[in-house]
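Here is the file target-v9.cif (mmCIF, C-alpha atoms and all ligand atoms).
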data_run
loop_
_atom_site.label_atom_id
_atom_site.label_comp_id
_atom_site.auth_asym_id
_atom_site.auth_seq_id
_atom_site.Cartn_x
_atom_site.Cartn_y
_atom_site.Cartn_z
CA MET Y 1 -73.95 -8.30 41.88
CA ILE Y 2 -72.90 -9.31 38.39
CA GLU Y 3 -76.52 -9.35 37.24
CA ARG Y 4 -77.07 -5.88 38.62
CA THR Y 5 -73.99 -4.56 36.82
CA LEU Y 6 -75.26 -6.11 33.61
CA ALA Y 7 -78.68 -4.57 34.19
CA VAL Y 8 -77.16 -1.12 34.66
CA ALA Y 9 -75.13 -1.57 31.50
CA ALA Y 10 -78.27 -2.61 29.62
CA VAL Y 11 -80.15 0.47 30.83
CA LEU Y 12 -77.28 2.76 29.84
CA ALA Y 13 -77.04 1.08 26.46
CA ALA Y 14 -80.81 1.46 25.97
CA CYS Y 15 -80.53 5.18 26.72
CA GLY Y 16 -77.91 5.56 24.07
CA GLY Y 17 -75.09 6.08 26.56
CA SER Y 18 -72.41 3.71 27.65
CA PRO Y 19 -71.06 2.96 31.08
CA PRO Y 20 -68.18 5.26 31.97
CA ALA Y 21 -64.90 3.59 30.99
CA ALA Y 22 -63.59 2.39 34.31
CA PRO Y 23 -59.80 2.29 34.34
CA ALA Y 24 -58.45 -1.18 35.04
CA ARG Y 25 -57.75 -0.86 38.75
CA SER Y 26 -55.72 -3.24 40.86
CA ALA Y 27 -56.88 -4.15 44.32
CA TYR Y 28 -53.31 -3.45 45.45
CA ASP Y 29 -50.93 -0.56 44.90
CA PRO Y 30 -49.13 -1.56 41.70
CA GLU Y 31 -46.18 0.84 42.13
CA PRO Y 32 -42.88 -0.91 42.81
CA THR Y 33 -40.92 -0.23 46.00
CA VAL Y 34 -37.14 -0.14 45.67
CA ILE Y 35 -34.97 -1.29 48.56
CA ALA Y 36 -31.67 0.23 47.49
CA GLY Y 37 -28.56 -1.92 47.60
CA ALA Y 38 -25.55 -0.52 49.43
CA PHE Y 39 -22.05 -0.31 47.93
CA PRO Y 40 -19.75 0.50 50.83
CA ALA Y 41 -16.08 1.05 50.03
CA ASP Y 42 -14.82 -1.90 52.06
CA ARG Y 43 -17.34 -4.58 51.10
CA GLY Y 44 -19.00 -6.19 48.12
CA PRO Y 45 -22.22 -4.55 46.93
CA ASP Y 46 -25.85 -5.51 47.47
CA GLY Y 47 -27.99 -5.31 44.36
CA ASN Y 48 -31.18 -3.27 44.45
CA SER Y 49 -34.28 -5.22 45.45
CA VAL Y 50 -37.69 -4.36 44.03
CA ILE Y 51 -40.88 -5.31 45.86
CA LEU Y 52 -44.12 -5.68 43.93
CA ARG Y 53 -47.46 -6.22 45.60
CA ALA Y 54 -49.60 -8.98 44.15
CA PRO Y 55 -52.96 -10.62 44.94
CA ARG Y 56 -51.32 -13.59 46.69
CA GLY Y 57 -48.52 -11.75 48.49
CA LEU Y 58 -45.28 -9.94 47.68
CA ILE Y 59 -42.91 -10.50 44.80
CA VAL Y 60 -39.30 -9.70 45.70
CA VAL Y 61 -36.98 -9.16 42.77
CA ASP Y 62 -33.40 -9.91 43.94
CA THR Y 63 -32.47 -10.50 47.55
CA GLY Y 64 -29.10 -8.79 48.15
CA ARG Y 65 -25.95 -10.24 49.67
CA HIS Y 66 -25.78 -9.05 53.27
CA THR Y 67 -28.17 -9.74 56.15
CA GLU Y 68 -28.62 -5.98 56.74
CA HIS Y 69 -30.25 -5.82 53.29
CA GLN Y 70 -32.42 -8.90 53.85
CA ASP Y 71 -33.58 -7.53 57.20
CA LYS Y 72 -35.09 -4.57 55.33
CA LEU Y 73 -36.95 -6.90 52.95
CA LEU Y 74 -38.30 -8.99 55.84
CA ALA Y 75 -39.32 -5.85 57.75
CA PHE Y 76 -41.24 -4.61 54.70
CA ALA Y 77 -43.16 -7.89 54.49
CA ARG Y 78 -43.92 -7.76 58.22
CA GLN Y 79 -45.26 -4.21 57.96
CA ALA Y 80 -47.29 -5.07 54.87
CA GLY Y 81 -48.70 -8.10 56.69
CA ALA Y 82 -48.18 -10.13 53.53
CA PRO Y 83 -46.18 -13.25 52.77
CA ILE Y 84 -43.32 -13.20 50.28
CA ALA Y 85 -44.95 -15.40 47.67
CA ALA Y 86 -42.20 -15.28 45.05
CA ILE Y 87 -38.56 -14.37 44.59
CA VAL Y 88 -37.39 -13.42 41.11
CA ASN Y 89 -33.63 -13.52 40.58
CA THR Y 90 -32.56 -11.38 37.62
CA HIS Y 91 -29.25 -13.29 37.53
CA TRP Y 92 -27.16 -15.55 39.76
CA HIS Y 93 -24.57 -13.07 41.09
CA LEU Y 94 -24.53 -13.42 44.86
CA ASP Y 95 -25.31 -9.75 45.48
CA HIS Y 96 -28.74 -10.58 43.98
CA THR Y 97 -29.33 -14.17 45.14
CA GLY Y 98 -27.43 -14.34 48.44
CA GLY Y 99 -30.55 -13.55 50.47
CA ASN Y 100 -32.83 -16.21 48.96
CA ALA Y 101 -32.16 -18.50 51.94
CA GLU Y 102 -32.82 -15.81 54.57
CA LEU Y 103 -36.14 -14.87 52.96
CA ARG Y 104 -37.26 -18.48 52.52
CA ALA Y 105 -36.39 -19.31 56.11
CA VAL Y 106 -39.23 -16.95 57.10
CA HIS Y 107 -41.40 -17.41 53.99
CA PRO Y 108 -40.90 -21.08 53.05
CA GLY Y 109 -43.64 -20.91 50.41
CA ALA Y 110 -41.72 -18.41 48.27
CA GLU Y 111 -40.99 -19.87 44.86
CA ILE Y 112 -37.73 -18.98 43.10
CA ILE Y 113 -38.18 -17.76 39.54
CA ALA Y 114 -34.97 -17.51 37.48
CA THR Y 115 -33.24 -18.88 34.42
CA ARG Y 116 -31.17 -22.04 34.77
CA ALA Y 117 -27.91 -20.15 34.17
CA VAL Y 118 -26.99 -20.71 37.82
CA GLU Y 119 -26.40 -24.39 37.00
CA GLY Y 120 -23.38 -23.38 34.92
CA ALA Y 121 -22.15 -21.03 37.65
CA LEU Y 122 -22.31 -23.84 40.21
CA VAL Y 123 -19.75 -25.88 38.26
CA GLY Y 124 -17.76 -23.04 36.67
CA PHE Y 125 -17.74 -19.56 38.16
CA PHE Y 126 -18.50 -20.30 41.82
CA PRO Y 127 -15.85 -22.99 42.44
CA LYS Y 128 -13.21 -20.75 40.87
CA GLY Y 129 -14.31 -17.76 42.97
CA ARG Y 130 -14.38 -19.93 46.06
CA ALA Y 131 -10.78 -21.09 45.48
CA GLN Y 132 -9.70 -17.45 44.97
CA GLY Y 133 -11.43 -16.47 48.21
CA GLU Y 134 -9.80 -19.25 50.15
CA ALA Y 135 -6.39 -18.33 48.73
CA LEU Y 136 -6.95 -14.72 49.81
CA ILE Y 137 -7.83 -15.80 53.36
CA ALA Y 138 -4.81 -18.15 53.46
CA SER Y 139 -2.52 -15.32 52.32
CA GLY Y 140 -3.35 -13.38 55.49
CA LYS Y 141 -4.00 -10.27 53.37
CA ALA Y 142 -7.80 -10.33 53.53
CA THR Y 143 -9.52 -7.64 55.57
CA PRO Y 144 -12.13 -8.74 58.15
CA GLN Y 145 -14.85 -7.44 55.79
CA GLN Y 146 -13.45 -9.48 52.90
CA ILE Y 147 -13.31 -12.60 55.08
CA ALA Y 148 -16.94 -12.05 56.14
CA ASP Y 149 -18.03 -11.63 52.49
CA ILE Y 150 -16.09 -14.74 51.40
CA LYS Y 151 -17.75 -16.83 54.13
CA LEU Y 152 -21.17 -15.44 53.24
CA GLY Y 153 -20.60 -16.37 49.60
CA ARG Y 154 -19.43 -19.85 50.55
CA SER Y 155 -22.58 -20.62 52.53
CA ALA Y 156 -24.78 -19.24 49.71
CA ILE Y 157 -23.20 -21.43 47.00
CA ASP Y 158 -23.32 -24.53 49.22
CA ASP Y 159 -27.07 -24.05 49.69
CA THR Y 160 -28.10 -24.94 46.14
CA ARG Y 161 -31.72 -25.55 47.17
CA ASN Y 162 -32.06 -21.81 47.66
CA LEU Y 163 -30.21 -20.86 44.46
CA LEU Y 164 -31.74 -23.15 41.85
CA PRO Y 165 -35.07 -21.98 40.42
CA THR Y 166 -38.22 -23.77 41.53
CA ARG Y 167 -39.81 -22.21 38.42
CA PRO Y 168 -37.13 -22.11 35.71
CA ILE Y 169 -37.70 -19.60 32.92
CA ALA Y 170 -36.36 -20.63 29.53
CA GLN Y 171 -38.13 -18.20 27.23
CA SER Y 172 -39.46 -14.67 27.22
CA GLY Y 173 -43.20 -14.29 27.75
CA ALA Y 174 -45.96 -13.24 30.10
CA ALA Y 175 -46.03 -14.93 33.49
CA ASP Y 176 -48.50 -15.05 36.35
CA ILE Y 177 -46.57 -14.48 39.54
CA ALA Y 178 -48.54 -14.58 42.78
CA GLY Y 179 -51.59 -13.54 40.74
CA ARG Y 180 -49.90 -10.57 39.05
CA ARG Y 181 -49.10 -10.55 35.35
CA LEU Y 182 -45.56 -9.54 34.42
CA GLU Y 183 -43.57 -9.81 31.21
CA LEU Y 184 -40.39 -11.79 31.75
CA HIS Y 185 -37.57 -11.32 29.23
CA VAL Y 186 -34.65 -13.71 28.93
CA ALA Y 187 -31.42 -12.08 27.74
CA PRO Y 188 -28.93 -14.72 26.60
CA PHE Y 189 -25.20 -14.13 27.12
CA ALA Y 190 -25.50 -10.70 28.67
CA ALA Y 191 -24.36 -9.94 32.27
CA THR Y 192 -24.55 -13.73 32.73
CA GLU Y 193 -25.31 -16.70 30.52
CA ALA Y 194 -29.03 -15.90 30.79
CA ASP Y 195 -30.32 -12.80 32.55
CA LEU Y 196 -33.96 -12.17 33.37
CA TRP Y 197 -35.44 -8.69 33.15
CA ILE Y 198 -39.00 -7.65 33.82
CA TYR Y 199 -41.40 -5.30 32.10
CA ASP Y 200 -44.47 -4.35 34.11
CA ALA Y 201 -46.97 -2.91 31.63
CA GLU Y 202 -49.27 -1.71 34.44
CA THR Y 203 -46.73 0.83 35.75
CA LYS Y 204 -44.56 0.97 32.59
CA THR Y 205 -41.56 -0.10 34.64
CA VAL Y 206 -38.50 -2.05 33.56
CA ILE Y 207 -36.67 -3.95 36.30
CA ALA Y 208 -33.34 -4.40 34.57
CA GLY Y 209 -31.16 -6.31 37.04
CA ASP Y 210 -27.48 -5.84 36.22
CA LEU Y 211 -28.13 -5.19 32.54
CA VAL Y 212 -28.01 -1.64 33.87
CA VAL Y 213 -25.57 -0.79 36.67
CA ALA Y 214 -25.40 2.95 37.04
CA GLU Y 215 -21.75 3.37 38.04
CA VAL Y 216 -20.15 0.82 35.70
CA PRO Y 217 -21.47 -2.33 33.99
CA PHE Y 218 -20.26 -5.25 36.13
CA PHE Y 219 -18.64 -7.32 33.39
CA ASP Y 220 -17.36 -10.09 35.70
CA SER Y 221 -19.29 -12.75 33.77
CA GLY Y 222 -20.46 -10.55 30.89
CA CYS Y 223 -20.65 -11.13 27.15
CA PRO Y 224 -20.52 -7.79 25.29
CA GLU Y 225 -22.56 -8.66 22.20
CA GLY Y 226 -25.49 -10.25 24.04
CA TRP Y 227 -25.50 -7.46 26.60
CA ARG Y 228 -25.64 -4.81 23.89
CA ALA Y 229 -28.55 -6.63 22.25
CA ALA Y 230 -30.44 -6.84 25.57
CA LEU Y 231 -30.18 -3.06 26.03
CA GLY Y 232 -31.72 -2.66 22.57
CA GLU Y 233 -34.66 -4.83 23.62
CA ILE Y 234 -35.14 -2.83 26.81
CA ALA Y 235 -35.13 0.40 24.77
CA ALA Y 236 -37.87 -1.06 22.54
CA THR Y 237 -40.35 -1.35 25.44
CA PRO Y 238 -42.49 1.72 26.24
CA PHE Y 239 -41.14 2.04 29.79
CA VAL Y 240 -41.21 5.33 31.68
CA GLN Y 241 -39.03 4.26 34.60
CA LEU Y 242 -36.20 1.76 34.78
CA ILE Y 243 -34.85 0.30 38.00
CA PRO Y 244 -31.21 -0.72 37.54
CA GLY Y 245 -29.39 -3.50 39.39
CA HIS Y 246 -27.42 -0.86 41.28
CA GLY Y 247 -28.04 2.88 41.50
CA GLU Y 248 -31.01 5.23 41.26
CA PRO Y 249 -34.08 4.61 39.07
CA MET Y 250 -33.73 6.10 35.59
CA THR Y 251 -36.02 7.92 33.17
CA ARG Y 252 -35.94 7.02 29.47
CA ASP Y 253 -33.55 9.93 28.87
CA ALA Y 254 -31.18 8.83 31.61
CA PHE Y 255 -31.22 5.26 30.29
CA ALA Y 256 -30.45 6.53 26.77
CA ARG Y 257 -27.44 8.46 28.10
CA TRP Y 258 -26.23 5.44 30.07
CA ARG Y 259 -26.67 3.18 27.06
CA ALA Y 260 -24.66 5.56 24.87
CA ALA Y 261 -21.84 5.45 27.45
CA PHE Y 262 -22.06 1.63 27.50
CA ASP Y 263 -21.82 1.44 23.69
CA ALA Y 264 -18.87 3.87 23.67
CA LEU Y 265 -17.04 1.75 26.27
CA LEU Y 266 -17.49 -1.39 24.16
CA ASP Y 267 -16.44 0.42 20.98
CA CYS Y 268 -13.34 1.78 22.72
CA ALA Y 269 -12.41 -1.65 24.09
CA ALA Y 270 -12.72 -3.10 20.59
CA SER Y 271 -10.46 -0.36 19.15
CA PRO Y 272 -6.66 -0.06 19.44
CA ALA Y 273 -7.08 2.81 21.98
CA GLU Y 274 -5.08 2.75 25.23
CA VAL Y 275 -6.90 1.20 28.21
CA ALA Y 276 -6.61 4.52 30.04
CA THR Y 277 -8.44 6.25 27.17
CA CYS Y 278 -11.40 3.86 27.49
CA VAL Y 279 -11.44 4.27 31.28
CA ALA Y 280 -11.40 8.06 31.01
CA GLY Y 281 -14.07 7.88 28.30
CA TRP Y 282 -16.42 5.92 30.57
CA ARG Y 283 -15.82 8.30 33.44
CA THR Y 284 -16.70 11.31 31.33
CA ALA Y 285 -19.69 9.78 29.53
CA ALA Y 286 -21.12 8.22 32.71
CA ALA Y 287 -20.17 11.07 35.07
CA ALA Y 288 -23.82 11.70 36.03
CA PHE Y 289 -24.12 8.09 37.28
CA ILE Y 290 -20.93 7.93 39.38
CA ALA Y 291 -21.17 8.92 43.03
CA ALA Y 292 -18.87 11.75 44.09
CA GLY Y 293 -15.79 10.27 45.74
CA GLY Y 294 -16.25 6.92 43.99
CA GLU Y 295 -14.27 7.83 40.87
CA ALA Y 296 -11.04 6.03 41.74
CA ARG Y 297 -12.86 2.80 42.54
CA ILE Y 298 -14.85 2.99 39.31
CA ASP Y 299 -11.61 3.56 37.36
CA GLU Y 300 -10.23 0.38 38.95
CA TYR Y 301 -13.29 -1.63 37.95
CA THR Y 302 -13.30 -0.26 34.39
CA THR Y 303 -9.59 -0.94 33.94
CA TYR Y 304 -10.13 -4.54 35.05
CA TYR Y 305 -13.13 -5.04 32.75
CA VAL Y 306 -11.40 -3.60 29.67
CA THR Y 307 -8.18 -5.53 30.26
CA ASP Y 308 -9.39 -8.85 31.65
CA ILE Y 309 -12.83 -9.24 30.08
CA LEU Y 310 -13.51 -7.03 27.06
CA ARG Y 311 -10.03 -7.50 25.53
CA SER Y 312 -9.56 -11.10 26.65
CA PRO Y 313 -10.31 -13.77 24.03
CA ALA Y 314 -10.37 -16.34 26.86
CA ALA Y 315 -13.05 -14.36 28.73
CA HIS Y 316 -15.06 -14.04 25.53
CA GLU Y 317 -14.83 -17.79 25.01
CA ARG Y 318 -15.86 -18.40 28.61
CA PHE Y 319 -18.76 -15.97 28.93
CA CYS Y 320 -20.25 -15.96 25.43
CA HIS Y 321 -20.86 -19.72 25.64
CA PRO Y 322 -22.54 -21.85 28.31
CA LEU Y 323 -20.51 -21.83 31.53
CA ARG Y 324 -18.88 -25.16 32.35
CA ALA Y 325 -16.45 -26.73 34.78
CA GLU Y 326 -12.85 -25.55 34.40
ZN ZN Q 1 -25.16 -6.77 40.99
#
Show me, as structure tokens, the structure contained in the file I just sent.
Ligand SMILES: [Zn+2]
Amino acid sequence: MIERTLAVAAVLAACGGSPPAAPARSAYDPEPTVIAGAFPADRGPDGNSVILRAPRGLIVVDTGRHTEHQDKLLAFARQAGAPIAAIVNTHWHLDHTGGNAELRAVHPGAEIIATRAVEGALVGFFPKGRAQGEALIASGKATPQQIADIKLGRSAIDDTRNLLPTRPIAQSGAADIAGRRLELHVAPFAATEADLWIYDAETKTVIAGDLVVAEVPFFDSGCPEGWRAALGEIAATPFVQLIPGHGEPMTRDAFARWRAAFDALLDCAASPAEVATCVAGWRTAAAAFIAAGGEARIDEYTTYYVTDILRSPAAHERFCHPLRAE
């Protein structure tokens, strides 16, 4: 077969022509499939999951929090008749990693590709969140949905085998995942101590994780300077579509508008302006990304982030350095 191809090439070359330039074709459909994360009013969100087909199976980027989300991922794999060969976690937040265990229960061969930032969360952020959850349950004020989410979180953080990477990523570079080549980018001190975002040159797609959250950047463990720098690096890639951690896929133009709103929020938080001014500024600048009816909730989130994270020296100290036990 190879010899025959070479022979044809030789004949074409001898005739002064050249073989038609065959586009580099994958044996699989390279386009990503997005399984959208839900964000119901009464529960914590699920991050978006992105499924990529690869020669040795499926790559699932982020696994959601709730079983309803994971059921969709498992159903996709069943229909595709392919194993989940790899899980990539863009960051350790449980709305992106909570389903690792459910997926690996069915696909035990799936490796976990992530940065080691979760190690800091396991001694710092998670125990604190767990204590807050238990206090909320003990207070009797938790709704049934909150109690269910707290219990789900507790079982996820106890199951470290399904949170820690089997293939830790320390540096940006090209990686072979299940036979498919992807560019992995490490963003230090961004939404977490070390986020991972993906550039797929074949489809010119950025999978951004929570470096881009359409409705409002989730600053719960965020470091503003590193996050801003990461958005600059994303902008420098020649992507045509960007899949955010939450919300609809974005064009370059949409991302540029979102990034401008992000920068304005950080600038406002760093200025002497009233908190309400920064909150209103985000709502106006990011209006196109906020679901109708969700405005009041987004205002609540933004108020919290400006007050308790962006204007808190203690939060800056905590999240712009490696996470540690408190
Ligand atoms: Zn998220």
Expected answer as a CSV table (one decimal) with C-alpha atoms, in the frame of the given file: residues within 6 Å of ligand ZN 1 (chain Q), only C-alpha atoms and all ligand atoms:
chain,number,residue,atom,x,y,z
Y,47,GLY,CA,-28.0,-5.3,44.4
Y,95,ASP,CA,-25.3,-9.8,45.5
Y,210,ASP,CA,-27.5,-5.8,36.2
Y,245,GLY,CA,-29.4,-3.5,39.4
Looking at all atoms listed in the file, which of Y:Arg297, Y:Arg257, Y:Arg283, Y:Arg43 is the one that sits closest to Y:Ala148?
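Going through Y:Arg297, Y:Arg257, Y:Arg283, Y:Arg43 one by one, the smallest distance to Y:Ala148 is for Y:Arg43.
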At a cut-off of 10 Å, using all atoms listed in the file, what residues contact stretch 120-136 of chain Y? Leave out same-chain residues fewer than 2 positions from it and give the result as JSON, numbers by chain.
{"Y": [92, 93, 94, 116, 117, 118, 138, 139, 140, 141, 142, 143, 146, 147, 149, 150, 151, 153, 154, 157, 158, 160, 163, 164, 192, 193, 220, 221, 318, 319, 322, 323, 324, 325, 326]}
So the first atom is atom CA of Y:Pro32 and the second is atom CA of Y:Trp258; what is the distance between them in Å, to one decimal place?
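Atom-to-atom, atom CA of Y:Pro32 to atom CA of Y:Trp258, that is 21.9 Å.
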Closest of Y:Val240, Y:Ala287, Y:Val306, Y:Ala273 to Y:Ala201 - atom-to-atom distances counting all atoms listed in the file
Y:Val240
Write out as a list in words which residues come within 9 Å of stretch 251-255 of chain Y when counting all atoms listed in the file, dropping same-chain ones fewer than 3 positions away.
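Answer for this query is Val212, Ala235, Phe239, Val240, Gln241, Leu242, Trp258, Arg259 and Ala260 of chain Y.
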Selected residues written out with C-alpha atoms, as a PDB file, in the frame of the given file:
ATOM      1  CA  VAL Y 212     -28.010  -1.640  33.870  1.00  0.00           C
ATOM      2  CA  ALA Y 235     -35.130   0.400  24.770  1.00  0.00           C
ATOM      3  CA  PHE Y 239     -41.140   2.040  29.790  1.00  0.00           C
ATOM      4  CA  VAL Y 240     -41.210   5.330  31.680  1.00  0.00           C
ATOM      5  CA  GLN Y 241     -39.030   4.260  34.600  1.00  0.00           C
ATOM      6  CA  LEU Y 242     -36.200   1.760  34.780  1.00  0.00           C
ATOM      7  CA  TRP Y 258     -26.230   5.440  30.070  1.00  0.00           C
ATOM      8  CA  ARG Y 259     -26.670   3.180  27.060  1.00  0.00           C
ATOM      9  CA  ALA Y 260     -24.660   5.560  24.870  1.00  0.00           C
TER      10      ALA Y 260
END
As an exercise, work out the distance from atom CA of Y:Gln70 to atom CA of Y:Ala190 in Å and give it to one decimal place.
26.2 Å
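Candidate residues Y:Asp159, Y:Asp62, Y:Glu215, Y:Asp200 were compared for distance to Y:Glu300, and the nearest is Y:Glu215, using all atoms listed in the file.
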12 Å contact set for stretch 173-185 of chain Y, all atoms listed in the file, chain neighbours under 6 positions out, as an NGL selection string
:Y and (26-30 or 52-61 or 82-91 or 109-115 or 167 or 194-209 or 211 or 230-231 or 233-234 or 237)
Atom CA of Y:Phe219 and atom CA of Y:Glu274 are how many Å apart?
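So the answer is 18.8 Å.
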For Y:Ser49, work out the shell of residues within 9 Å, counting all atoms listed in the file and skipping chain neighbours fewer than 2 positions away, then give it as a PyMOL selection string.
chain Y and resi 33-37+46-47+51+60-64+69+73+96+245
Looking at only C-alpha atoms, which of Y:Phe262, Y:Ser271, Y:Asn100, Y:Tyr304 is the one that sits closest to Y:Phe289?
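Ranked by minimum distance to Y:Phe289, first place goes to Y:Phe262.
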